[in-house]
$ cat query_37.txt   # compact mmCIF, N, CA and C atoms
# COMPACT_ATOMS: atom_id res chain seq x y z
N MET H 15 -144.85 171.64 -40.07
CA MET H 15 -144.57 170.80 -38.92
C MET H 15 -144.19 171.68 -37.72
N GLY H 16 -143.44 172.74 -37.98
CA GLY H 16 -143.04 173.63 -36.89
C GLY H 16 -144.23 174.29 -36.24
N SER H 17 -145.21 174.70 -37.05
CA SER H 17 -146.43 175.32 -36.49
C SER H 17 -147.21 174.31 -35.66
N ALA H 18 -147.31 173.09 -36.16
CA ALA H 18 -148.04 172.05 -35.43
C ALA H 18 -147.36 171.76 -34.10
N LYS H 19 -146.02 171.66 -34.13
CA LYS H 19 -145.29 171.41 -32.88
C LYS H 19 -145.48 172.57 -31.91
N GLY H 20 -145.42 173.78 -32.42
CA GLY H 20 -145.63 174.95 -31.56
C GLY H 20 -147.00 174.95 -30.91
N LEU H 21 -148.01 174.60 -31.68
CA LEU H 21 -149.38 174.54 -31.15
C LEU H 21 -149.51 173.43 -30.12
N LEU H 22 -148.99 172.24 -30.44
CA LEU H 22 -149.13 171.09 -29.54
C LEU H 22 -148.37 171.24 -28.23
N THR H 23 -147.32 172.03 -28.22
CA THR H 23 -146.51 172.17 -27.01
C THR H 23 -146.77 173.46 -26.24
N ASP H 24 -147.68 174.29 -26.73
CA ASP H 24 -148.01 175.55 -26.06
C ASP H 24 -149.07 175.31 -24.98
N GLU H 25 -148.66 175.36 -23.73
CA GLU H 25 -149.57 175.08 -22.60
C GLU H 25 -150.75 176.05 -22.53
N SER H 26 -150.59 177.25 -23.09
CA SER H 26 -151.70 178.20 -23.04
C SER H 26 -152.76 177.90 -24.10
N LEU H 27 -152.44 177.04 -25.05
CA LEU H 27 -153.38 176.71 -26.13
C LEU H 27 -153.84 175.26 -26.15
N THR H 28 -153.03 174.36 -25.61
CA THR H 28 -153.30 172.94 -25.79
C THR H 28 -153.09 172.16 -24.50
N ALA H 29 -153.95 171.22 -24.26
CA ALA H 29 -153.76 170.23 -23.20
C ALA H 29 -154.54 168.98 -23.60
N PHE H 30 -153.92 167.85 -23.43
CA PHE H 30 -154.56 166.58 -23.75
C PHE H 30 -155.07 165.93 -22.48
N PHE H 31 -156.27 165.40 -22.56
CA PHE H 31 -156.87 164.66 -21.46
C PHE H 31 -157.00 163.21 -21.89
N PHE H 32 -156.62 162.32 -21.01
CA PHE H 32 -156.69 160.90 -21.30
C PHE H 32 -157.87 160.30 -20.55
N VAL H 33 -158.53 159.35 -21.19
CA VAL H 33 -159.67 158.66 -20.59
C VAL H 33 -159.25 157.22 -20.33
N THR H 34 -159.54 156.74 -19.12
CA THR H 34 -159.17 155.38 -18.76
C THR H 34 -160.32 154.70 -18.02
N LEU H 35 -160.20 153.43 -17.90
CA LEU H 35 -161.08 152.62 -17.05
C LEU H 35 -160.30 152.31 -15.78
N PRO H 36 -160.98 152.07 -14.67
CA PRO H 36 -160.28 151.71 -13.44
C PRO H 36 -159.86 150.24 -13.45
N GLU H 37 -158.95 149.92 -14.39
CA GLU H 37 -158.46 148.56 -14.58
C GLU H 37 -156.96 148.62 -14.88
N SER H 38 -156.25 147.54 -14.65
CA SER H 38 -154.79 147.51 -14.77
C SER H 38 -154.29 147.87 -16.16
N LEU H 39 -154.77 147.20 -17.19
CA LEU H 39 -154.24 147.42 -18.53
C LEU H 39 -154.46 148.85 -19.03
N PRO H 40 -155.67 149.40 -18.95
CA PRO H 40 -155.83 150.78 -19.40
C PRO H 40 -154.97 151.78 -18.62
N ILE H 41 -154.77 151.55 -17.33
CA ILE H 41 -153.92 152.43 -16.54
C ILE H 41 -152.48 152.35 -17.06
N ALA H 42 -152.01 151.15 -17.34
CA ALA H 42 -150.65 150.98 -17.86
C ALA H 42 -150.49 151.66 -19.21
N VAL H 43 -151.50 151.54 -20.06
CA VAL H 43 -151.42 152.13 -21.39
C VAL H 43 -151.36 153.66 -21.31
N ILE H 44 -152.25 154.26 -20.55
CA ILE H 44 -152.21 155.73 -20.51
C ILE H 44 -150.97 156.24 -19.77
N THR H 45 -150.46 155.47 -18.83
CA THR H 45 -149.21 155.85 -18.17
C THR H 45 -148.10 155.96 -19.22
N ARG H 46 -148.02 154.98 -20.09
CA ARG H 46 -147.02 155.00 -21.16
C ARG H 46 -147.24 156.20 -22.08
N PHE H 47 -148.49 156.43 -22.49
CA PHE H 47 -148.78 157.55 -23.38
C PHE H 47 -148.45 158.89 -22.72
N ILE H 48 -148.82 159.04 -21.47
CA ILE H 48 -148.54 160.29 -20.77
C ILE H 48 -147.04 160.53 -20.68
N ASN H 49 -146.28 159.49 -20.42
CA ASN H 49 -144.81 159.63 -20.40
C ASN H 49 -144.29 160.08 -21.77
N TRP H 50 -144.83 159.52 -22.84
CA TRP H 50 -144.41 159.94 -24.18
C TRP H 50 -144.76 161.41 -24.42
N PHE H 51 -145.96 161.80 -24.01
CA PHE H 51 -146.35 163.20 -24.19
C PHE H 51 -145.39 164.12 -23.44
N HIS H 52 -145.04 163.76 -22.22
CA HIS H 52 -144.09 164.57 -21.45
C HIS H 52 -142.75 164.65 -22.17
N GLU H 53 -142.28 163.54 -22.72
CA GLU H 53 -141.00 163.51 -23.44
C GLU H 53 -141.02 164.46 -24.64
N PHE H 54 -142.17 164.58 -25.30
CA PHE H 54 -142.28 165.44 -26.46
C PHE H 54 -142.69 166.87 -26.09
N GLY H 55 -142.87 167.13 -24.80
CA GLY H 55 -143.23 168.47 -24.35
C GLY H 55 -144.68 168.85 -24.60
N ILE H 56 -145.53 167.85 -24.77
CA ILE H 56 -146.95 168.10 -25.00
C ILE H 56 -147.67 168.11 -23.65
N PRO H 57 -148.37 169.19 -23.34
CA PRO H 57 -149.02 169.29 -22.03
C PRO H 57 -150.18 168.30 -21.86
N VAL H 58 -150.24 167.73 -20.68
CA VAL H 58 -151.32 166.82 -20.32
C VAL H 58 -152.20 167.55 -19.32
N GLY H 59 -153.49 167.63 -19.64
CA GLY H 59 -154.42 168.34 -18.78
C GLY H 59 -154.96 167.50 -17.64
N GLY H 60 -155.02 166.19 -17.84
CA GLY H 60 -155.54 165.34 -16.78
C GLY H 60 -155.98 163.99 -17.29
N VAL H 61 -156.59 163.27 -16.37
CA VAL H 61 -157.08 161.92 -16.66
C VAL H 61 -158.54 161.85 -16.23
N VAL H 62 -159.37 161.34 -17.11
CA VAL H 62 -160.79 161.13 -16.84
C VAL H 62 -161.00 159.63 -16.67
N VAL H 63 -161.72 159.26 -15.62
CA VAL H 63 -162.01 157.84 -15.37
C VAL H 63 -163.44 157.56 -15.81
N ASN H 64 -163.59 156.57 -16.66
CA ASN H 64 -164.89 156.20 -17.21
C ASN H 64 -165.26 154.81 -16.70
N GLY H 65 -166.54 154.53 -16.60
CA GLY H 65 -167.00 153.18 -16.27
C GLY H 65 -166.92 152.84 -14.79
N LEU H 66 -166.82 153.85 -13.95
CA LEU H 66 -166.71 153.62 -12.51
C LEU H 66 -168.09 153.33 -11.92
N ILE H 67 -168.21 152.22 -11.24
CA ILE H 67 -169.47 151.86 -10.59
C ILE H 67 -169.65 152.76 -9.37
N GLN H 68 -170.81 153.37 -9.27
CA GLN H 68 -171.11 154.25 -8.14
C GLN H 68 -171.46 153.40 -6.91
N LYS H 69 -170.57 153.46 -5.91
CA LYS H 69 -170.75 152.60 -4.72
C LYS H 69 -172.07 152.85 -4.01
N ASN H 70 -172.53 154.10 -4.02
CA ASN H 70 -173.77 154.41 -3.30
C ASN H 70 -175.01 153.81 -3.98
N GLN H 71 -174.84 153.26 -5.17
CA GLN H 71 -175.95 152.62 -5.87
C GLN H 71 -175.88 151.10 -5.81
N VAL H 72 -174.89 150.58 -5.08
CA VAL H 72 -174.71 149.13 -4.96
C VAL H 72 -175.09 148.72 -3.54
N GLY H 73 -176.12 147.92 -3.44
CA GLY H 73 -176.55 147.46 -2.12
C GLY H 73 -175.71 146.29 -1.63
N LYS H 74 -175.77 146.02 -0.34
CA LYS H 74 -175.02 144.92 0.24
C LYS H 74 -175.50 143.57 -0.30
N ASP H 75 -176.70 143.54 -0.85
CA ASP H 75 -177.25 142.31 -1.40
C ASP H 75 -176.97 142.17 -2.90
N ALA H 76 -176.10 143.02 -3.44
CA ALA H 76 -175.76 142.95 -4.86
C ALA H 76 -175.03 141.65 -5.17
N ALA H 77 -175.00 141.30 -6.43
CA ALA H 77 -174.32 140.08 -6.86
C ALA H 77 -172.84 140.14 -6.47
N GLU H 78 -172.29 138.97 -6.15
CA GLU H 78 -170.89 138.90 -5.73
C GLU H 78 -169.97 139.49 -6.79
N PHE H 79 -170.28 139.27 -8.07
CA PHE H 79 -169.48 139.84 -9.15
C PHE H 79 -169.40 141.36 -9.03
N VAL H 80 -170.54 141.98 -8.78
CA VAL H 80 -170.59 143.45 -8.68
C VAL H 80 -169.80 143.92 -7.47
N LEU H 81 -169.97 143.26 -6.33
CA LEU H 81 -169.23 143.64 -5.13
C LEU H 81 -167.72 143.49 -5.34
N ASN H 82 -167.31 142.40 -5.99
CA ASN H 82 -165.89 142.21 -6.29
C ASN H 82 -165.37 143.27 -7.26
N ARG H 83 -166.19 143.63 -8.23
CA ARG H 83 -165.81 144.66 -9.21
C ARG H 83 -165.64 146.01 -8.52
N VAL H 84 -166.53 146.35 -7.62
CA VAL H 84 -166.42 147.61 -6.88
C VAL H 84 -165.12 147.62 -6.07
N GLN H 85 -164.80 146.53 -5.42
CA GLN H 85 -163.56 146.44 -4.64
C GLN H 85 -162.34 146.59 -5.55
N MET H 86 -162.36 145.92 -6.70
CA MET H 86 -161.25 146.03 -7.65
C MET H 86 -161.11 147.47 -8.15
N GLN H 87 -162.23 148.10 -8.46
CA GLN H 87 -162.18 149.47 -8.93
C GLN H 87 -161.65 150.41 -7.84
N ASP H 88 -162.01 150.17 -6.60
CA ASP H 88 -161.48 150.97 -5.49
C ASP H 88 -159.95 150.91 -5.45
N GLU H 89 -159.43 149.70 -5.58
CA GLU H 89 -157.98 149.53 -5.56
C GLU H 89 -157.32 150.26 -6.73
N HIS H 90 -157.92 150.15 -7.92
CA HIS H 90 -157.36 150.82 -9.08
C HIS H 90 -157.52 152.34 -8.98
N MET H 91 -158.59 152.82 -8.37
CA MET H 91 -158.73 154.27 -8.19
C MET H 91 -157.64 154.79 -7.26
N GLY H 92 -157.28 154.01 -6.25
CA GLY H 92 -156.15 154.40 -5.40
C GLY H 92 -154.88 154.55 -6.21
N GLU H 93 -154.68 153.62 -7.13
CA GLU H 93 -153.50 153.67 -8.01
C GLU H 93 -153.58 154.91 -8.92
N ILE H 94 -154.75 155.17 -9.47
CA ILE H 94 -154.92 156.33 -10.35
C ILE H 94 -154.64 157.61 -9.58
N TRP H 95 -155.17 157.73 -8.38
CA TRP H 95 -154.92 158.93 -7.58
C TRP H 95 -153.43 159.09 -7.29
N SER H 96 -152.76 158.00 -6.98
CA SER H 96 -151.35 158.13 -6.61
C SER H 96 -150.45 158.40 -7.82
N ILE H 97 -150.83 157.91 -8.99
CA ILE H 97 -149.98 158.11 -10.18
C ILE H 97 -150.25 159.45 -10.86
N PHE H 98 -151.51 159.81 -11.01
CA PHE H 98 -151.86 160.92 -11.89
C PHE H 98 -152.24 162.22 -11.19
N VAL H 99 -152.48 162.20 -9.90
CA VAL H 99 -152.89 163.44 -9.23
C VAL H 99 -151.66 164.09 -8.62
N ILE H 100 -151.46 165.32 -9.02
CA ILE H 100 -150.34 166.09 -8.49
C ILE H 100 -150.89 166.92 -7.34
N GLY H 101 -150.22 166.88 -6.25
CA GLY H 101 -150.79 167.65 -5.16
C GLY H 101 -149.88 167.75 -4.04
$ encode --input "query_37.txt" --output "structure tokens"
Amino acid sequence: MGSAKGLLTDESLTAFFFVTLPESLPIAVITRFINWFHEFGIPVGGVVVNGLIQKNQVGKDAAEFVLNRVQMQDEHMGEIWSIFVIG
């Protein structure tokens, strides 16, 4: 167990990356997990966002659902940038 803890907490050897969707619940879940990792001294390498609709591929004539989804994702990406990006 000591070796495993040493490996998991050594920043030069280990970093965990979390994958999320640009939606409220997944953001809340990984926020909780990242806080736990910090409490245990396990390095977090970053957050990867999956399932993001590429705005440049959505025309103005796209379905209302798609346009609303893009807007929602924009808002959640702002939240992701403010919570997880250190700078």
$ residues_near_point --input "query_37.txt" --point "(-151.0, 163.9, -12.5)" --cutoff "8 Å" --atoms "only N, CA and C atoms" --output "ChimeraX atom specification"
/H:58-61,94-101
$ select_by_dssp --input "query_37.txt" --residues "chain H" --states "alpha helix (DSSP H)" --output "PyMOL selection string"
chain H and resi 16-23+38-53+78-98
$ atom_distance --input "query_37.txt" --atom1 "atom C of Phe51 (chain H)" --atom2 "atom C of Ala29 (chain H)"
10.4 Å
$ residues_near_point --input "query_37.txt" --point "(-157.4, 154.5, -10.3)" --cutoff "8 Å" --atoms "only C-alpha atoms" --output "PyMOL selection string"
chain H and resi 35-37+41+63+87-96
$ atom_distance --input "query_37.txt" --atom1 "CA of Lys69 (chain H)" --atom2 "CA of Phe30 (chain H)"
28.6 Å
$ residues_around --input "query_37.txt" --residues "Val62 (chain H)" --least-positions-apart "5" --cutoff "7 Å" --atoms "all atoms listed in the file" --output "list in words"
Phe31, Phe32, Val33, Thr34 and Leu35 of chain H
